[in-house]
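**Q** This structure is in structure tokens; I'll ask about it shortly.
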Amino acid sequence: MNVAEILDGKRVCVCCGSGGVGKTTTSAAIALGMAAQGAKVAVVTIDPANRLANALGLEQLGNEPRRVDPARLATGPLPVEGELWAMMLDPKRTFDELIERIAPDAGRAEEIKANRVYRELSTAVSGSQELTAIAKLYELDQEHEFDVLVLDTPPSRNALEFLDAPNRINSFLEGRALKAFMRPTGFGFRTLGRGAMPLLGGLRKITGLDLITDLTVFFQLLGDMTNDFSQRAAQVDQLLRADTTAFVLVSSAAREAVDEAIWFGERLANDGLPFAGVIVNRVHHDLLGDREPRELSAALARTLTPSLAGRVADNFRDYHVLASRDDHNLGRLAKQLDERRLLLVPQLDDDVHDIEGLARIHQYLFASQAERDRLIEDLVA
Amino acid sequence: MFVTGKGGVGKSTVAIALGLLGARQGLRTIVAELASQDRVQGLFSENGERERFREVELAPGLFTISIDPQQAMEEYLRVKAGTLGQALGSSRLFQAFAMATPGMRELLSIGKVWELAQLDRRTRGAAPYDLVIVDAPATGHGVGLLRTPKTFADIARVGPIAHQGRTIADTIADPEFTGVVAVATPEEMPVNETLALADELARDELTLDLVIVNALYPARFETEEIAELTVALTRTRSKLARSALRAALSEHARAATQREQRDRLRTRVDGRLVELPYVFAEHLGVPELEVLAGALEGSLP
């Protein structure tokens, strides 16, 4: 299998994974590959490395996708028939736009944006990036004519965070907790149900009155908008569950990352979300296998000084430890998931920071199994 | 001591190594994990019983706890508001409301950290710690965490939360009491994030006390030797030897870029930077962590 097959018939590709596994690079390489096949593709990234951002022409701010200049793409080795568009997500601005879209009038939107609870919610709170990333994805899906959307999810501790965090904020915005305190039509505490009074007294005592006032004002402002939030959340949920959507997990071959990939696969299955495959970056392949390193030293001694040969052998022994670690972990992963949906990208000499580098990653992602094996063989020996 | 860093840089590993080092130096030390990661105990007992949300002794003088905001809230309410608190803590409505309040989870977590660091512990029968190491959330959220008490104090203005928030914010701002450690691998993104963290902390009048460059490849080859290796690669027929030569060239290239990135970091935080070597092991267990603790012991300023 390769990415082209995995994404066949898909319109949305969501790349999940924990921090530091190469998620942004992988997302960009997938988008580039789909564009090379003639599609009009947009990649939404969260926080690309400066050089990669520059390579994609993302140095200019803006919360809308911009087309990557074909002249830039032409600097790489891969002919691109389609169009590659890219954008860097601005969570705060996306959140503001969401409020503007849903608010009944501009005045209300401004009041909400000025509210302290909202300001805190839209910037500092974990989950706001995840929520806005999905909101943006939905908007692009609805309002733009892209064949394929690739979403690079926010950097988080783990991949599951992406699925959990938006719900936390959504349930806050929908005011489920506060509704329980208030009558449906009520604003503020005057209309609170009788049963809530002792609780409210407790809240005041514990939290201090002013916080409650800010929260109350916030919910008054949201008022009848909470239904719109619920409705929107339901639509977004539908998009994520659609059979034209593919969740791709990006991982490394280290133990924790592989554990997480396994959980993530299970979680997607439980939630009925469309799992498409796992891309494992930075895999160490080697040929030493079970052979004696002495055999190696002899072979090296023919061309190198003893000191240099010794250090090359030491280096290889260390490399071999990582290779057998990776091999072991990938074996576990293959046992848990459909083995054919496992795509391996080798450890490369340098981080990817330009179109050429993306094209190199693309090679591994879009190659047939036989081609990939040959590429890796070339790389290691 | 708050330990933060971009995801995937080995933040938890470094936090535990620092914990081992603290215990080694005779300090009663606890490593506090946030967001229910629950990883530390697993490292010390593969299949053993796990205690959740309690202080557990892993080794002589080294403890751990996985902090859960909800648990922390119940504890806080019990201690602060007696029977009323208990009633609130067991109210589902109240819990839902409190947990949905933006920043509340962070405030409760950091409140528990603060409690662990008090000489006079609120938790009944609990002994004080000399050193509390927090395995904090990844960089972006990490600063948010440190800022939360002050934000709450500002928003609430009066009342117990404001008071508590201010107390915690003051201890965070006190360099004698609180330190911030950033962990970075010597790669572009983690270095960028660490530099951004230093700026952000400075904006909040906090300092970055230490930067730990983690997983630095050894520099095994001199630049002149690389030419020799390249020539040898064209002359060698043995597949095994070729593979070893490729691995050497590849690792040399990585080691060189790593050093560029490390130097970029060093120009900004000179004197506050220490290095940890890449550990070539199938799995980082206690022996490997002890090695890292030893490396830190030798290099900490």
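In the structure tokens, chains take the letters A, B, ... in the order shown, each chain's residues start at 1, and ligands count up from 1 in the order shown.
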Excluding Ile30 (chain B) and any residue of its chain fewer than 6 positions from it, enumerate the residues within 9 Å of it, using only C-alpha atoms, and give them as an MDAnalysis selection string.
**A** chainID B and resid 19 22:23 55:57 61:65 116 129:134
**Q** Determine which residues of chain B sit within 6 Å of chain A, taking into account only C-alpha atoms, and present them as an mmCIF file with C-alpha atoms, in the first residue's frame.
**A**
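This is the output file iface_20.cif:
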```
data_model
loop_
_atom_site.group_PDB
_atom_site.id
_atom_site.type_symbol
_atom_site.label_atom_id
_atom_site.label_comp_id
_atom_site.auth_asym_id
_atom_site.auth_seq_id
_atom_site.Cartn_x
_atom_site.Cartn_y
_atom_site.Cartn_z
ATOM 1 C CA GLY B 7 6.523 17.068 22.677
ATOM 2 C CA GLY B 8 8.893 14.201 21.911
ATOM 3 C CA ALA B 96 -19.171 19.601 35.626
ATOM 4 C CA PHE B 97 -19.319 23.347 36.026
ATOM 5 C CA ALA B 100 -15.787 23.265 32.198
ATOM 6 C CA PRO B 102 -11.608 27.658 31.200
ATOM 7 C CA GLY B 103 -8.310 27.228 32.958
ATOM 8 C CA GLY B 144 -0.166 28.812 30.176
ATOM 9 C CA ALA B 156 -11.589 36.893 40.342
ATOM 10 C CA VAL B 158 -11.526 39.161 45.410
ATOM 11 C CA GLY B 159 -12.450 35.995 47.243
ATOM 12 C CA PRO B 160 -10.696 32.744 47.951
ATOM 13 C CA ILE B 161 -9.690 31.929 44.356
ATOM 14 C CA MET B 189 11.716 23.153 16.099
ATOM 15 C CA ALA B 232 35.797 3.720 1.364
ATOM 16 C CA LYS B 239 27.194 -5.136 1.916
ATOM 17 C CA ALA B 241 30.578 -2.805 5.584
ATOM 18 C CA ARG B 242 28.776 -0.506 3.163
ATOM 19 C CA SER B 243 25.805 -0.393 5.493
ATOM 20 C CA ALA B 244 28.102 0.481 8.411
ATOM 21 C CA ALA B 248 28.504 6.456 9.981
ATOM 22 C CA SER B 250 24.395 9.546 8.179
ATOM 23 C CA ALA B 253 25.555 14.499 9.266
ATOM 24 C CA ARG B 254 22.965 14.417 12.033
ATOM 25 C CA PHE B 280 21.400 3.930 22.486
ATOM 26 C CA GLU B 282 16.100 -0.622 23.222
#
```
**Q** Apply DSSP to the structure's backbone, then extract all residues of region 173-262 of chain B labelled strand (DSSP E) and return them as a list in words.
**A** Val180, Val181, Ala182, Val183, Ala184, Leu210, Val211, Ile212, Val213, Asn214, Ala215 and Leu216 of chain B
**Q** Taking only C-alpha atoms into account, name the residue in B:Glu176, B:Glu193, B:Glu251, B:Glu188 that is nearest to Ala219 (chain B).
**A**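 Among the listed residues, the smallest separation from Ala219 (chain B) belongs to B:Glu251.
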**Q** Give me, as a PyMOL selection string, all polymer residues having an atom no more than 9 Å from region 14-18 of chain B, counting only C-alpha atoms and skipping those fewer than 4 positions away in the same chain.
**A** chain B and resi 2-4+10+22-23+31+40+133-135+183+212+214+289-294+296-297
**Q** Store the residues picked out above, limited to C-alpha atoms, as a PDB file, in the first residue's frame.
**A**
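What follows is the written file again-v6.pdb:
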```
ATOM      1  CA  PHE B   2       8.945  22.913  36.325  1.00  0.00           C
ATOM      2  CA  VAL B   3      10.304  20.810  33.481  1.00  0.00           C
ATOM      3  CA  THR B   4       8.858  21.692  30.103  1.00  0.00           C
ATOM      4  CA  GLY B  10      12.256  13.416  26.352  1.00  0.00           C
ATOM      5  CA  GLY B  22      17.701  14.865  43.766  1.00  0.00           C
ATOM      6  CA  ALA B  23      17.195  11.672  45.741  1.00  0.00           C
ATOM      7  CA  VAL B  31       8.202  13.836  40.477  1.00  0.00           C
ATOM      8  CA  VAL B  40       6.710   7.081  36.007  1.00  0.00           C
ATOM      9  CA  ILE B 133       9.813  18.261  40.066  1.00  0.00           C
ATOM     10  CA  VAL B 134       6.877  18.861  37.754  1.00  0.00           C
ATOM     11  CA  ASP B 135       6.700  16.989  34.486  1.00  0.00           C
ATOM     12  CA  VAL B 183      14.295  20.347  27.632  1.00  0.00           C
ATOM     13  CA  ILE B 212      18.879  20.722  28.927  1.00  0.00           C
ATOM     14  CA  ASN B 214      18.814  16.074  25.281  1.00  0.00           C
ATOM     15  CA  LEU B 289      17.855   6.813  33.757  1.00  0.00           C
ATOM     16  CA  GLU B 290      20.536   6.410  36.411  1.00  0.00           C
ATOM     17  CA  VAL B 291      23.172   6.988  33.734  1.00  0.00           C
ATOM     18  CA  LEU B 292      21.412  10.199  32.695  1.00  0.00           C
ATOM     19  CA  ALA B 293      21.162  11.292  36.326  1.00  0.00           C
ATOM     20  CA  GLY B 294      24.912  10.726  36.606  1.00  0.00           C
ATOM     21  CA  LEU B 296      23.442  15.623  34.922  1.00  0.00           C
ATOM     22  CA  GLU B 297      25.264  15.399  38.230  1.00  0.00           C
TER      23      GLU B 297
END
```
